[in-house]
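Asks: Here you go, data_13.csv (CSV, C-alpha atoms):
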```csv
chain,number,residue,atom,x,y,z
A,1,MET,CA,107.2,88.1,-2.9
A,2,MET,CA,111.0,88.6,-3.3
A,3,LYS,CA,112.2,89.1,-6.9
A,4,VAL,CA,114.8,86.5,-7.7
A,5,PRO,CA,117.0,86.2,-10.8
A,6,ALA,CA,115.7,84.8,-14.1
A,7,LYS,CA,116.3,81.1,-14.9
A,8,ILE,CA,116.1,78.7,-17.8
A,9,GLU,CA,113.5,75.9,-17.4
A,10,ILE,CA,115.0,72.4,-17.8
A,11,ALA,CA,114.0,70.4,-14.7
A,12,ASN,CA,110.7,68.5,-14.3
A,13,LEU,CA,109.1,70.6,-11.6
A,14,PRO,CA,107.5,70.5,-9.2
A,15,THR,CA,108.8,67.2,-7.9
A,16,LYS,CA,106.4,65.1,-5.9
A,17,ILE,CA,106.4,64.5,-2.1
A,18,GLU,CA,105.8,61.0,-0.9
A,19,LYS,CA,105.3,59.5,2.6
A,20,LEU,CA,107.6,56.7,3.5
A,21,GLU,CA,104.9,54.7,5.2
A,22,ARG,CA,106.8,51.6,6.4
A,23,LEU,CA,109.9,53.6,7.5
A,24,SER,CA,107.6,56.0,9.4
A,25,LYS,CA,105.9,53.0,11.1
A,26,SER,CA,109.3,51.7,12.3
A,27,LEU,CA,110.1,55.2,13.8
A,28,GLU,CA,107.3,55.6,16.2
A,29,GLY,CA,106.2,59.2,16.7
A,30,HIS,CA,107.7,60.4,13.4
A,31,GLU,CA,106.1,60.8,9.9
A,32,ILE,CA,108.9,60.7,7.3
A,33,TYR,CA,108.2,62.2,3.9
A,34,ILE,CA,110.6,62.4,0.9
A,35,LYS,CA,110.8,65.0,-1.9
A,36,ARG,CA,111.8,63.3,-5.1
A,37,ASP,CA,114.3,65.7,-6.5
A,38,ASP,CA,116.0,62.6,-7.9
A,39,GLN,CA,113.2,62.8,-10.5
A,40,THR,CA,114.0,66.2,-11.9
A,41,GLY,CA,115.0,64.5,-15.2
A,42,THR,CA,116.9,61.5,-16.5
A,43,GLU,CA,120.2,62.8,-17.6
A,44,ILE,CA,119.9,65.8,-15.3
A,45,ALA,CA,118.4,63.9,-12.3
A,46,GLY,CA,119.1,65.4,-8.9
A,47,ASN,CA,119.3,68.6,-7.0
A,48,LYS,CA,122.1,70.1,-9.2
A,49,VAL,CA,119.8,71.0,-12.1
A,50,ARG,CA,117.7,73.4,-9.9
A,51,LYS,CA,120.9,75.4,-9.3
A,52,LEU,CA,122.1,75.1,-12.9
A,53,GLU,CA,118.8,76.7,-14.1
A,54,TYR,CA,120.0,79.9,-12.6
A,55,SER,CA,123.8,79.6,-13.1
A,56,VAL,CA,123.4,78.7,-16.8
A,57,LYS,CA,120.9,81.5,-17.4
A,58,GLU,CA,123.5,83.9,-16.2
A,59,ALA,CA,126.1,82.3,-18.5
A,60,LEU,CA,123.8,82.6,-21.5
A,61,ASN,CA,123.1,86.2,-20.6
A,62,GLN,CA,126.8,86.8,-20.8
A,63,GLY,CA,127.1,85.2,-24.2
A,64,CYS,CA,129.0,82.2,-23.0
A,65,ASP,CA,129.4,79.0,-25.1
A,66,TYR,CA,131.4,76.9,-22.6
A,67,LEU,CA,130.5,75.7,-19.1
A,68,ILE,CA,133.5,74.8,-16.9
A,69,THR,CA,133.0,73.1,-13.6
A,70,CYS,CA,134.6,70.7,-11.2
A,71,GLY,CA,133.8,67.8,-8.9
A,72,GLY,CA,134.8,64.2,-7.9
A,73,VAL,CA,135.1,61.6,-10.6
A,74,GLN,CA,131.6,60.5,-9.8
A,75,SER,CA,130.2,64.1,-9.5
A,76,ASN,CA,126.5,64.4,-10.0
A,77,HIS,CA,126.9,68.1,-10.6
A,78,ALA,CA,129.5,67.6,-13.3
A,79,ARG,CA,127.3,65.1,-15.1
A,80,ALA,CA,124.3,67.4,-14.8
A,81,THR,CA,126.4,70.3,-16.2
A,82,ALA,CA,127.5,68.2,-19.2
A,83,ALA,CA,123.8,67.2,-19.8
A,84,VAL,CA,122.5,70.8,-19.6
A,85,ALA,CA,125.3,72.0,-21.9
A,86,ALA,CA,124.5,69.3,-24.5
A,87,LYS,CA,120.8,70.1,-24.3
A,88,LEU,CA,121.5,73.8,-25.0
A,89,GLY,CA,124.0,73.1,-27.7
A,90,ILE,CA,127.0,74.5,-25.9
A,91,ASN,CA,130.2,72.9,-24.7
A,92,SER,CA,131.3,71.6,-21.3
A,93,PHE,CA,134.7,71.1,-19.7
A,94,LEU,CA,134.9,69.2,-16.4
A,95,VAL,CA,137.8,69.2,-14.0
A,96,LEU,CA,137.5,66.0,-12.0
A,97,ARG,CA,139.3,64.8,-8.8
A,98,ASN,CA,140.6,61.3,-9.5
A,99,LYS,CA,141.9,59.2,-6.6
A,100,GLY,CA,143.3,56.5,-8.9
A,101,GLU,CA,140.1,55.1,-10.3
A,102,LYS,CA,141.0,53.2,-13.4
A,103,LYS,CA,137.6,52.1,-14.5
A,104,VAL,CA,135.4,54.7,-16.2
A,105,GLU,CA,131.8,54.1,-15.1
A,106,GLY,CA,128.8,55.7,-13.5
A,107,ASN,CA,128.7,59.5,-13.8
A,108,CYS,CA,132.1,59.7,-15.4
A,109,PHE,CA,131.0,57.4,-18.2
A,110,LEU,CA,128.0,59.5,-18.8
A,111,ASP,CA,130.1,62.7,-18.8
A,112,GLN,CA,131.9,61.3,-21.9
A,113,VAL,CA,128.7,60.1,-23.5
A,114,LEU,CA,127.4,63.6,-23.2
A,115,GLY,CA,130.4,65.0,-25.0
A,116,ALA,CA,132.2,66.8,-22.1
A,117,GLN,CA,135.9,67.4,-22.2
A,118,LEU,CA,137.6,66.0,-19.1
A,119,ARG,CA,140.7,66.8,-17.1
A,120,PHE,CA,141.6,64.6,-14.2
A,121,ILE,CA,143.6,66.1,-11.3
A,122,THR,CA,144.9,64.7,-8.0
A,123,ALA,CA,143.1,65.1,-4.7
A,124,ASP,CA,145.7,67.6,-3.6
A,125,GLU,CA,145.3,69.7,-6.7
A,126,TYR,CA,141.6,69.6,-6.3
A,127,SER,CA,141.7,70.7,-2.6
A,128,ASN,CA,144.1,73.5,-3.1
A,129,HIS,CA,144.1,74.6,-6.7
A,130,ARG,CA,140.8,73.7,-8.4
A,131,MET,CA,139.7,77.3,-9.0
A,132,ASP,CA,143.1,78.2,-10.4
A,133,ILE,CA,142.9,75.2,-12.7
A,134,MET,CA,139.5,76.2,-13.9
A,135,LYS,CA,140.6,79.7,-14.5
A,136,GLU,CA,143.5,78.4,-16.6
A,137,VAL,CA,141.1,76.3,-18.7
A,138,LYS,CA,138.9,79.4,-19.2
A,139,ALA,CA,141.9,81.5,-20.3
A,140,GLU,CA,142.9,78.8,-22.8
A,141,LEU,CA,139.3,78.5,-24.2
A,142,ASP,CA,139.0,82.3,-24.3
A,143,ARG,CA,142.3,82.4,-26.4
A,144,LYS,CA,140.7,80.0,-28.8
A,145,GLY,CA,137.7,82.4,-29.4
A,146,HIS,CA,135.3,80.9,-26.9
A,147,LYS,CA,133.6,82.6,-23.9
A,148,ALA,CA,133.6,80.3,-20.9
A,149,TYR,CA,131.7,80.5,-17.7
A,150,ILE,CA,133.0,78.9,-14.5
A,151,ILE,CA,130.5,77.2,-12.2
A,152,PRO,CA,131.9,76.3,-8.7
A,153,GLU,CA,131.6,72.9,-7.1
A,154,GLY,CA,128.0,71.9,-6.8
A,155,ALA,CA,126.9,75.3,-8.3
A,156,SER,CA,127.0,76.3,-4.7
A,157,ASN,CA,127.3,80.1,-5.0
A,158,GLY,CA,125.1,83.1,-4.8
A,159,ILE,CA,123.3,82.6,-8.1
A,160,GLY,CA,122.9,78.8,-7.6
A,161,THR,CA,121.3,79.3,-4.2
A,162,PHE,CA,118.0,80.4,-5.9
A,163,GLY,CA,117.5,76.8,-7.1
A,164,TYR,CA,116.6,75.8,-3.6
A,165,TYR,CA,115.1,79.1,-2.6
A,166,ASN,CA,112.6,78.2,-5.4
A,167,ALA,CA,112.3,74.7,-4.1
A,168,MET,CA,111.4,76.0,-0.6
A,169,GLU,CA,108.5,78.0,-2.1
A,170,GLU,CA,107.5,74.8,-4.0
A,171,ILE,CA,107.4,72.9,-0.7
A,172,LEU,CA,105.3,75.5,1.0
A,173,ASN,CA,102.7,75.3,-1.8
A,174,GLN,CA,102.7,71.5,-1.6
A,175,GLU,CA,102.1,71.7,2.2
A,176,LYS,CA,98.9,73.7,1.4
A,177,GLU,CA,97.8,71.2,-1.2
A,178,LYS,CA,98.4,68.2,1.0
A,179,GLY,CA,97.3,69.7,4.3
A,180,ILE,CA,100.7,68.9,5.9
A,181,LYS,CA,103.0,71.1,7.9
A,182,PHE,CA,106.6,70.0,8.1
A,183,ASP,CA,108.4,70.5,11.4
A,184,ALA,CA,111.8,69.8,9.9
A,185,ILE,CA,113.4,69.6,6.4
A,186,VAL,CA,116.5,67.6,6.0
A,187,THR,CA,119.1,67.5,3.2
A,188,ALA,CA,122.6,66.2,2.6
A,189,VAL,CA,125.3,68.9,2.6
A,190,GLY,CA,128.3,68.5,0.3
A,191,SER,CA,129.0,72.0,-0.7
A,192,GLY,CA,126.3,74.1,1.0
A,193,GLY,CA,124.2,75.5,-1.8
A,194,THR,CA,121.1,73.3,-1.4
A,195,TYR,CA,121.0,74.1,2.4
A,196,ALA,CA,121.6,77.8,1.8
A,197,GLY,CA,118.7,78.1,-0.6
A,198,LEU,CA,116.3,76.2,1.7
A,199,PHE,CA,117.4,78.3,4.6
A,200,TYR,CA,117.0,81.6,2.7
A,201,GLY,CA,113.5,80.6,1.5
A,202,ASN,CA,112.5,79.5,4.9
A,203,LYS,CA,113.5,82.8,6.5
A,204,ILE,CA,112.0,85.0,3.8
A,205,ASN,CA,108.7,83.2,4.1
A,206,LYS,CA,108.8,83.3,7.9
A,207,ASN,CA,108.2,79.6,7.9
A,208,SER,CA,108.5,77.7,11.2
A,209,ALA,CA,110.3,74.6,9.9
A,210,LYS,CA,113.8,73.9,11.1
A,211,ILE,CA,116.3,73.2,8.3
A,212,PHE,CA,118.8,70.5,9.0
A,213,GLY,CA,121.8,69.5,7.0
A,214,VAL,CA,123.7,66.2,7.3
A,215,ASN,CA,127.3,66.8,6.2
A,216,VAL,CA,128.9,64.2,4.0
A,217,CYS,CA,132.4,65.6,4.2
A,218,ASP,CA,134.4,68.2,6.2
A,219,ASP,CA,132.7,69.2,9.5
A,220,ALA,CA,129.8,71.3,10.9
A,221,GLN,CA,132.0,74.5,11.3
A,222,HIS,CA,133.2,74.3,7.8
A,223,PHE,CA,129.7,74.3,6.4
A,224,LYS,CA,128.4,76.9,8.7
A,225,GLU,CA,131.0,79.3,7.3
A,226,ALA,CA,130.5,78.1,3.7
A,227,ILE,CA,126.7,78.5,3.9
A,228,GLU,CA,127.1,81.9,5.5
A,229,ASN,CA,129.3,83.0,2.6
A,230,ILE,CA,126.9,81.6,0.0
A,231,LEU,CA,124.0,83.5,1.6
A,232,HIS,CA,125.8,86.8,1.7
A,233,GLU,CA,126.7,86.4,-2.0
A,234,SER,CA,123.0,85.6,-2.9
A,235,PHE,CA,121.9,88.8,-1.2
A,236,GLN,CA,123.7,90.8,-3.9
A,237,TYR,CA,121.2,89.5,-6.4
A,238,THR,CA,118.1,90.5,-4.5
A,239,ASN,CA,119.1,93.4,-2.2
A,240,GLN,CA,117.0,91.6,0.4
A,241,PRO,CA,119.3,90.2,3.1
A,242,ILE,CA,118.1,88.3,6.0
A,243,GLU,CA,119.3,88.5,9.6
A,244,PHE,CA,120.7,85.2,10.9
A,245,THR,CA,123.5,83.8,13.0
A,246,LYS,CA,125.7,80.8,12.4
A,247,GLU,CA,124.0,79.1,15.3
A,248,GLU,CA,120.8,79.0,13.3
A,249,ILE,CA,122.6,76.9,10.6
A,250,ASN,CA,121.8,73.4,11.8
A,251,ILE,CA,124.4,70.8,10.7
A,252,ILE,CA,124.1,67.3,12.0
A,253,ASP,CA,127.7,66.2,12.2
A,254,GLY,CA,129.0,62.7,12.8
A,255,TYR,CA,128.0,60.8,9.7
A,256,VAL,CA,130.9,61.5,7.3
A,257,GLY,CA,132.2,58.0,8.1
A,258,LYS,CA,135.4,57.2,6.1
A,259,GLY,CA,135.2,60.4,4.1
A,260,TYR,CA,133.7,61.9,1.0
A,261,ALA,CA,132.4,59.2,-1.4
A,262,LEU,CA,133.8,56.5,0.9
A,263,SER,CA,131.3,54.0,2.2
A,264,ARG,CA,131.0,52.0,5.4
A,265,PRO,CA,129.2,48.6,5.4
A,266,GLU,CA,126.5,50.0,7.7
A,267,GLU,CA,125.7,52.8,5.2
A,268,LEU,CA,125.4,50.4,2.3
A,269,LYS,CA,123.3,48.0,4.3
A,270,PHE,CA,121.0,50.9,5.1
A,271,ILE,CA,120.6,51.8,1.4
A,272,TYR,CA,119.8,48.2,0.7
A,273,GLU,CA,117.3,47.8,3.5
A,274,LEU,CA,115.5,51.1,2.6
A,275,ALA,CA,115.3,50.1,-1.1
A,276,LYS,CA,113.6,46.8,0.0
A,277,LEU,CA,111.4,48.6,2.4
A,278,GLU,CA,110.2,51.5,0.4
A,279,GLY,CA,111.3,51.0,-3.2
A,280,VAL,CA,113.4,54.1,-3.0
A,281,ILE,CA,117.1,53.9,-3.9
A,282,LEU,CA,119.5,56.3,-2.3
A,283,ASP,CA,123.1,57.0,-3.4
A,284,PRO,CA,126.2,56.2,-1.4
A,285,VAL,CA,127.8,59.7,-1.5
A,286,TYR,CA,125.0,62.0,-0.3
A,287,THR,CA,121.5,60.7,0.4
A,288,GLY,CA,122.5,57.3,1.8
A,289,LYS,CA,124.7,59.0,4.4
A,290,ALA,CA,122.2,61.7,5.1
A,291,MET,CA,119.1,59.5,5.5
A,292,TYR,CA,121.2,57.1,7.6
A,293,GLY,CA,122.2,60.0,9.8
A,294,LEU,CA,118.6,61.2,10.1
A,295,VAL,CA,117.3,57.8,11.1
A,296,GLU,CA,120.1,57.3,13.6
A,297,GLU,CA,119.4,60.7,15.1
A,298,ILE,CA,115.7,59.8,15.5
A,299,LYS,CA,116.6,56.5,17.2
A,300,LYS,CA,118.9,58.4,19.6
A,301,GLY,CA,116.0,60.7,20.5
A,302,ASN,CA,117.7,63.8,19.2
A,303,LEU,CA,114.8,64.8,17.0
A,304,LYS,CA,111.9,64.0,19.3
A,305,ASP,CA,110.4,67.5,18.9
A,306,TYR,CA,109.9,67.0,15.1
A,307,LYS,CA,107.0,64.8,14.0
A,308,ASN,CA,106.6,65.6,10.3
A,309,ILE,CA,110.0,65.4,8.7
A,310,LEU,CA,110.7,66.0,5.0
A,311,PHE,CA,113.9,64.5,3.5
A,312,ILE,CA,115.2,66.0,0.2
A,313,HIS,CA,116.2,63.2,-2.2
A,314,THR,CA,118.9,65.0,-4.1
A,315,GLY,CA,119.6,62.1,-6.6
A,316,GLY,CA,122.8,60.4,-7.3
A,317,LEU,CA,121.7,57.0,-8.6
A,318,PHE,CA,124.5,56.6,-11.0
A,319,GLY,CA,127.0,56.8,-8.2
A,320,LEU,CA,125.8,53.4,-6.9
A,321,PHE,CA,127.2,51.4,-9.8
A,322,PRO,CA,130.9,51.8,-9.0
A,323,LYS,CA,130.1,50.6,-5.4
A,324,GLN,CA,128.3,47.4,-6.5
A,325,ASP,CA,131.2,45.1,-5.4
A,326,GLN,CA,130.9,46.5,-1.8
A,327,PHE,CA,127.3,45.5,-1.3
A,328,SER,CA,126.4,42.3,0.5
A,329,PHE,CA,123.0,40.7,-0.4
```
Output the file's structure in the form of structure tokens.
Replies:
Amino acid sequence: MMKVPAKIEIANLPTKIEKLERLSKSLEGHEIYIKRDDQTGTEIAGNKVRKLEYSVKEALNQGCDYLITCGGVQSNHARATAAVAAKLGINSFLVLRNKGEKKVEGNCFLDQVLGAQLRFITADEYSNHRMDIMKEVKAELDRKGHKAYIIPEGASNGIGTFGYYNAMEEILNQEKEKGIKFDAIVTAVGSGGTYAGLFYGNKINKNSAKIFGVNVCDDAQHFKEAIENILHESFQYTNQPIEFTKEEINIIDGYVGKGYALSRPEELKFIYELAKLEGVILDPVYTGKAMYGLVEEIKKGNLKDYKNILFIHTGGLFGLFPKQDQFSF
């Protein structure tokens, strides 16, 4: 077994795997399962906390008392970072992309409830200067006698990768317990860290499943490069690299729609229909688009070789509330 970095234990793990019986029945020839990483906790719900268990441990080892990170105004990762910081008795500073939202709700409201300091920046500043801005914030905090630790978008870097390396090993154990073998594992891709961890764990364990990512922003080429970079950074922690090519990184493109965190009627309708069908609520930014893409690909016959499919529910419930006026019931 590969030796991975140490972590703090905050998430409620392992998360359970459920079969989506009625959805499976509607997709003849496919058995669809869902891993409930939306249930990792209440304040910290979602996939981000798995990565933060490793990132924040590194921060604590360095004696840091401030966590700095970034994301969209409804970032699940930013909210989870604020919650973890509060739980540990340290501070958080969030640099958030604001596209003109005036109403503070959903994750952004929770950020404030959790005591995070917020700085709003424009979409252009976020795209081109977010790391520079976080470094400026760190320098200012350091001048005030604090020691700050910067966590990149989505905690998608070398250390954060081990959150989903660990999740992959968790899945393999659950397969044995349930007597199931998954042919494919599918996750939303917004920054690449979740996919990278699953891919790394899958390779190290010589598992036969195909890992698929459905990108919710940018394009397949962007994420192939991002995931490649994250993986190479993670190898520095283990000294156990894997051999792979970009062609092995499977990104299902074509479901970004209007863009990151922007919803089309068909995506929101799918979230509504699945909630009625299975009692499972997806979010409009990540899992709604990714599961919609998975089902559409199955309907098109593009995944006919994969019978048992596991979908990772990465959370994001709070992101639904700012979208409520866009739903039609």
Asks: Name all residues at most 7 Å from segment 109-119 of chain A (count all atoms listed in the file; drop same-chain ones fewer than 6 positions away) and give them as a list of chain:residue names.
Replies: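 The residues satisfying every condition are A:Arg79, A:Ala82, A:Ala83, A:Ala86, A:Asn91, A:Ser92, A:Phe93, A:Leu94, A:Val95, A:Leu96.
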Asks: Tell me, in Å to one decimal, how far atom CA of Glu153 of chain A is from atom CA of Leu268 of chain A.
Replies: 25.2 Å
Asks: Which residue out of A:Ala11, A:Leu52, A:Ala275, A:Met168 has the minimum interatomic distance to Ile204 of chain A when all atoms listed in the file are used?
Replies: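 Among the listed residues, A:Met168 lies closest to Ile204 of chain A.
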Asks: Using all atoms listed in the file, find the one residue out of A:Leu231, A:Ile150, A:Ile8, A:Ile32 that sits nearest to Asn61 of chain A.
Replies: A:Ile8
Asks: Per residue of segment 64-128 of chain A within 8 Å of segment 33-51 of chain A, which atom pair is closest and at what distance in Å (one decimal), using only C-alpha atoms, listed by chain and increasing number, as JSON lines?
Replies:
```
{"residue": "A:Asn76", "atom": "CA", "partner": "A:Lys48", "partner_atom": "CA", "distance": 7.2}
{"residue": "A:His77", "atom": "CA", "partner": "A:Lys48", "partner_atom": "CA", "distance": 5.4}
{"residue": "A:Arg79", "atom": "CA", "partner": "A:Ile44", "partner_atom": "CA", "distance": 7.4}
{"residue": "A:Ala80", "atom": "CA", "partner": "A:Ile44", "partner_atom": "CA", "distance": 4.7}
{"residue": "A:Thr81", "atom": "CA", "partner": "A:Val49", "partner_atom": "CA", "distance": 7.8}
{"residue": "A:Ala83", "atom": "CA", "partner": "A:Glu43", "partner_atom": "CA", "distance": 6.1}
{"residue": "A:Val84", "atom": "CA", "partner": "A:Ile44", "partner_atom": "CA", "distance": 7.1}
```
Asks: Calculated over only C-alpha atoms, which of the candidates A:Leu274, A:Ile211, A:Ala226, A:Val137 has the smallest distance to Asp183 of chain A?
Replies: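 The shortest atom-to-atom distance to Asp183 of chain A comes from A:Ile211.
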Asks: In terms of the shortest atom-to-atom distance over all atoms listed in the file, which of A:Ile180, A:Ile271, A:Leu277, A:Leu198 is closest to Ile17 of chain A?
Replies: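 Looking at the shortest contact to Ile17 of chain A, the residue is A:Ile180.
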Asks: Using all atoms listed in the file, which residue out of A:Thr15, A:Thr69, A:Ser75, A:Asn107 lies closest to Lys135 of chain A?
Replies: A:Thr69
Asks: From the list A:Asp142, A:Glu31, A:Glu248, A:Asp124, which residue is nearest Tyr195 of chain A when using only C-alpha atoms?
Replies: A:Glu248
Asks: Residues at most 10 Å from Cys64 of chain A, counting only C-alpha atoms, excluding those fewer than 4 positions away in the same chain, as JSON, numbers by chain?
Replies: {"A": [56, 57, 58, 59, 60, 90, 91, 146, 147, 148, 149, 150]}
Asks: Could you check how far atom CA of Ile151 of chain A sits from atom CA of Gln74 of chain A, in Å to one decimal?
Replies: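 Atom CA of Gln74 of chain A lies at a distance of 16.9 Å from atom CA of Ile151 of chain A.
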Asks: What's the separation between atom CA of Gly213 of chain A and atom CA of Ile121 of chain A, in Å to one decimal place?
Replies: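 Value for the atom CA of Gly213 of chain A-atom CA of Ile121 of chain A distance: 28.7 Å.
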Asks: At a cut-off of 9 Å, using all atoms listed in the file, what residues contact Ala167 of chain A? Leave out same-chain residues fewer than 4 positions from it and give the result as a list in words.
Replies: Pro14, Arg50, Phe162, Gly163, Ile171, Leu172, Gly197, Leu198 and Gly201 of chain A
Asks: Listing only residues of segment 240-275 of chain A within 9 Å of segment 288-312 of chain A, what is the closest atom pair and its distance in Å (to one decimal) for each, using all atoms listed in the file, sorted by chain and residue number ascending, as a tab-separated table?
Replies:
```
residue	atom	partner	partner_atom	distance
A:Ile252	CA	A:Gly293	CA	7.9
A:Asp253	CA	A:Gly293	CA	8.6
A:Gly254	CA	A:Gly293	CA	7.9
A:Tyr255	CA	A:Gly293	CA	5.9
A:Val256	CA	A:Lys289	CA	7.3
A:Gly257	CA	A:Lys289	CA	8.4
A:Ser263	CA	A:Lys289	CA	8.6
A:Glu266	CA	A:Tyr292	CA	8.9
A:Glu267	CA	A:Lys289	CA	6.3
A:Leu268	CA	A:Gly288	CA	7.5
A:Phe270	CA	A:Tyr292	CA	6.7
A:Ile271	CA	A:Gly288	CA	5.8
```
